[in-house]
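Notes follow once the structure below has been shown.
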Amino acid sequence: MAEKLNFDLVSPERLLLSEKVDMVTVPGAEGDMGIMAGHAPAMSTLRPGVIGVQVEGQPERRYFVRGGFAEVTPAGLTVLAEHTVPLAELDADALAREIANAEEDVADAKSDEARQRAQEKLDQLKSLREAA
């Protein structure tokens with residue numbers, strides 16, 4: 001039997017996963033990384049994207065992340081995500097409302113800084129919609 005990877009997915013709200021898995025695909029700042037047991041130690045910031053969790057005999061589980069860090073150590077992989085949503089729990093209508101509100105925030109922004117923050121949020125929401 002192949003060696004398993006200890007994987008923890010943590011967001012500010014809760015610990016989403018803590019289990020042994022076969023492979024995790026992480027949206028690193030420099031590109032997607034596939035992490036398996038025995039991977040060399042590494043650390044990366046995360047870009048908005050999808051984490052894929054693979055366990056033999058189960059369908060891949062997918063989680064949208066918006067920023068954070070991934071750290072690979074001899075003990076396993078830990079992802080500290082700024083925000084994460086299991087794609088299986090995504091509500092398309094609620095997401096469409098959030099995108100509409102974010103578009104209004106961009107249009108109503110009074111300063112360049114406020115516009116930039118609103119645009120970043122809008123871009124992240126659109127990335128989430130594409131991931132779904």
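Labels used: A, B, ... for chains in the order of the structure tokens, numbers from 1 for residues in each chain, and numbers from 1 for ligands as shown.
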
Can you list, as JSON, numbers by chain, every protein, DNA or RNA residue that comes within 9 Å of A:His83 when you count only C-alpha atoms, leaving out same-chain residues fewer than 6 positions away? {"A": [11, 12, 13, 64, 65, 66, 67, 68]}

With only C-alpha atoms as the counted atoms, please give the residues lying no more than 12 Å from A:Ala96, apart from itself and same-chain residues fewer than 3 positions off, as an NGL selection string. :A and (90-93 or 99-103 or 122 or 125-126 or 128-130)

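Nearest-residue note for A:Phe7: choosing from A:Glu82, A:Glu19, A:Asp105, A:Glu98, the minimum distance belongs to A:Glu19, counting only C-alpha atoms.
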
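Distance-wise, atom CA of A:Tyr63 and atom CA of A:Leu16 end up 9.7 Å apart.
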
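Of the listed residues A:Ala114, A:Val21, A:Ala94, A:Ala109, the one whose atoms come nearest to A:Val55 is A:Val21, with distances taken using only C-alpha atoms.
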
In chain A, what's strand (DSSP E) per DSSP? Answer as number ranges by chain? A: 5-10, 15-21, 23-28, 31-35, 42-45, 49-54, 61-65, 68-73, 76-81, 84-86

Restricted to N, CA and C atoms, what would the selected residues look like written as a short mmCIF file (atom, residue, chain, number, x, y, z; two decimals), in the first residue's frame?
```cif
data_model
loop_
_atom_site.label_atom_id
_atom_site.label_comp_id
_atom_site.auth_asym_id
_atom_site.auth_seq_id
_atom_site.Cartn_x
_atom_site.Cartn_y
_atom_site.Cartn_z
N LEU A 5 -0.17 10.90 2.70
CA LEU A 5 0.25 12.24 3.07
C LEU A 5 -0.67 12.76 4.16
N ASN A 6 -0.09 13.25 5.26
CA ASN A 6 -0.89 13.92 6.29
C ASN A 6 -1.24 15.31 5.78
N PHE A 7 -2.53 15.60 5.69
CA PHE A 7 -2.98 16.88 5.13
C PHE A 7 -3.93 17.58 6.08
N ASP A 8 -3.63 18.86 6.35
CA ASP A 8 -4.50 19.72 7.15
C ASP A 8 -4.87 20.94 6.32
N LEU A 9 -6.17 21.21 6.22
CA LEU A 9 -6.68 22.40 5.54
C LEU A 9 -7.37 23.24 6.60
N VAL A 10 -6.81 24.43 6.84
CA VAL A 10 -7.26 25.28 7.94
C VAL A 10 -7.66 26.65 7.38
N LEU A 15 -11.16 24.18 11.11
CA LEU A 15 -10.33 23.15 10.51
C LEU A 15 -11.24 22.36 9.57
N LEU A 16 -10.98 22.46 8.26
CA LEU A 16 -11.85 21.79 7.29
C LEU A 16 -11.49 20.33 7.11
N LEU A 17 -10.21 20.03 7.08
CA LEU A 17 -9.75 18.65 6.88
C LEU A 17 -8.51 18.40 7.71
N SER A 18 -8.40 17.20 8.19
CA SER A 18 -7.19 16.71 8.82
C SER A 18 -7.21 15.20 8.64
N GLU A 19 -6.54 14.74 7.59
CA GLU A 19 -6.60 13.31 7.28
C GLU A 19 -5.42 12.88 6.43
N LYS A 20 -5.31 11.59 6.25
CA LYS A 20 -4.29 11.01 5.38
C LYS A 20 -4.89 10.88 3.98
N VAL A 21 -4.14 11.39 2.97
CA VAL A 21 -4.63 11.41 1.59
C VAL A 21 -3.53 10.90 0.67
N MET A 23 -2.94 12.42 -2.56
CA MET A 23 -2.34 13.56 -3.24
C MET A 23 -3.22 14.79 -3.07
N VAL A 24 -2.56 15.95 -3.01
CA VAL A 24 -3.26 17.23 -2.94
C VAL A 24 -2.68 18.13 -4.02
N THR A 25 -3.55 18.76 -4.79
CA THR A 25 -3.13 19.75 -5.78
C THR A 25 -3.44 21.12 -5.21
N VAL A 26 -2.41 21.98 -5.17
CA VAL A 26 -2.50 23.28 -4.52
C VAL A 26 -2.22 24.39 -5.54
N PRO A 27 -3.04 25.47 -5.55
CA PRO A 27 -2.78 26.59 -6.46
C PRO A 27 -1.72 27.54 -5.90
N GLY A 28 -0.47 27.17 -6.08
CA GLY A 28 0.63 28.00 -5.59
C GLY A 28 0.79 29.27 -6.40
N GLY A 31 2.34 28.52 -9.67
CA GLY A 31 1.66 27.50 -10.47
C GLY A 31 1.12 26.40 -9.58
N ASP A 32 0.34 25.51 -10.17
CA ASP A 32 -0.23 24.40 -9.40
C ASP A 32 0.86 23.43 -8.98
N MET A 33 0.74 22.91 -7.75
CA MET A 33 1.70 21.94 -7.22
C MET A 33 0.95 20.68 -6.82
N GLY A 34 1.46 19.53 -7.22
CA GLY A 34 0.93 18.26 -6.76
C GLY A 34 1.80 17.76 -5.63
N ILE A 35 1.21 17.53 -4.47
CA ILE A 35 1.96 17.13 -3.28
C ILE A 35 1.54 15.72 -2.89
N ALA A 42 8.78 22.46 1.30
CA ALA A 42 8.54 23.64 0.47
C ALA A 42 7.52 24.53 1.17
N MET A 43 7.52 25.80 0.73
CA MET A 43 6.52 26.74 1.24
C MET A 43 6.14 27.64 0.09
N SER A 44 4.84 27.96 -0.02
CA SER A 44 4.37 28.81 -1.10
C SER A 44 3.17 29.61 -0.64
N THR A 45 3.06 30.81 -1.16
CA THR A 45 1.81 31.54 -0.99
C THR A 45 0.81 30.94 -1.98
N GLY A 49 -7.81 29.92 -6.21
CA GLY A 49 -7.92 28.74 -7.05
C GLY A 49 -8.52 27.58 -6.29
N VAL A 50 -8.34 26.39 -6.84
CA VAL A 50 -8.98 25.19 -6.29
C VAL A 50 -7.93 24.21 -5.78
N ILE A 51 -8.15 23.74 -4.56
CA ILE A 51 -7.36 22.65 -4.00
C ILE A 51 -8.11 21.36 -4.31
N GLY A 52 -7.41 20.39 -4.86
CA GLY A 52 -7.99 19.08 -5.14
C GLY A 52 -7.41 18.06 -4.19
N VAL A 53 -8.25 17.28 -3.54
CA VAL A 53 -7.82 16.27 -2.57
C VAL A 53 -8.20 14.90 -3.11
N GLN A 54 -7.19 14.05 -3.27
CA GLN A 54 -7.42 12.72 -3.83
C GLN A 54 -7.13 11.63 -2.79
N ARG A 61 -12.20 15.59 -3.96
CA ARG A 61 -12.89 16.68 -3.25
C ARG A 61 -12.18 17.97 -3.62
N ARG A 62 -12.98 19.02 -3.86
CA ARG A 62 -12.42 20.28 -4.32
C ARG A 62 -12.85 21.42 -3.39
N TYR A 63 -11.89 22.31 -3.11
CA TYR A 63 -12.11 23.45 -2.23
C TYR A 63 -11.56 24.70 -2.90
N PHE A 64 -12.37 25.74 -2.97
CA PHE A 64 -11.88 27.02 -3.48
C PHE A 64 -11.16 27.73 -2.34
N VAL A 65 -9.96 28.25 -2.62
CA VAL A 65 -9.22 29.03 -1.62
C VAL A 65 -8.93 30.41 -2.19
N GLY A 68 -3.49 32.64 1.08
CA GLY A 68 -3.00 31.87 2.20
C GLY A 68 -1.62 31.32 1.93
N PHE A 69 -1.25 30.27 2.66
CA PHE A 69 0.07 29.65 2.56
C PHE A 69 -0.06 28.13 2.55
N ALA A 70 0.86 27.49 1.87
CA ALA A 70 0.98 26.02 1.90
C ALA A 70 2.39 25.71 2.37
N GLU A 71 2.49 24.80 3.32
CA GLU A 71 3.80 24.39 3.83
C GLU A 71 3.90 22.87 3.80
N VAL A 72 4.94 22.39 3.13
CA VAL A 72 5.23 20.96 3.08
C VAL A 72 6.42 20.71 4.00
N THR A 73 6.25 19.79 4.95
CA THR A 73 7.32 19.38 5.86
C THR A 73 7.39 17.86 5.84
N GLY A 76 4.08 16.38 6.69
CA GLY A 76 2.94 16.44 5.79
C GLY A 76 2.74 17.82 5.20
N LEU A 77 1.52 18.09 4.75
CA LEU A 77 1.14 19.36 4.12
C LEU A 77 0.12 20.07 4.97
N THR A 78 0.38 21.34 5.23
CA THR A 78 -0.58 22.19 5.92
C THR A 78 -0.89 23.37 5.03
N VAL A 79 -2.18 23.61 4.80
CA VAL A 79 -2.62 24.78 4.06
C VAL A 79 -3.36 25.68 5.03
N LEU A 80 -2.87 26.91 5.16
CA LEU A 80 -3.52 27.93 5.96
C LEU A 80 -4.16 28.90 4.97
N ALA A 81 -5.45 28.79 4.77
CA ALA A 81 -6.16 29.56 3.76
C ALA A 81 -6.82 30.78 4.39
N THR A 84 -11.84 29.80 2.51
CA THR A 84 -12.04 28.58 1.73
C THR A 84 -13.50 28.17 1.75
N VAL A 85 -13.93 27.59 0.62
CA VAL A 85 -15.31 27.12 0.46
C VAL A 85 -15.27 25.76 -0.21
N PRO A 86 -15.84 24.73 0.41
CA PRO A 86 -15.96 23.46 -0.31
C PRO A 86 -16.85 23.67 -1.53
#
```
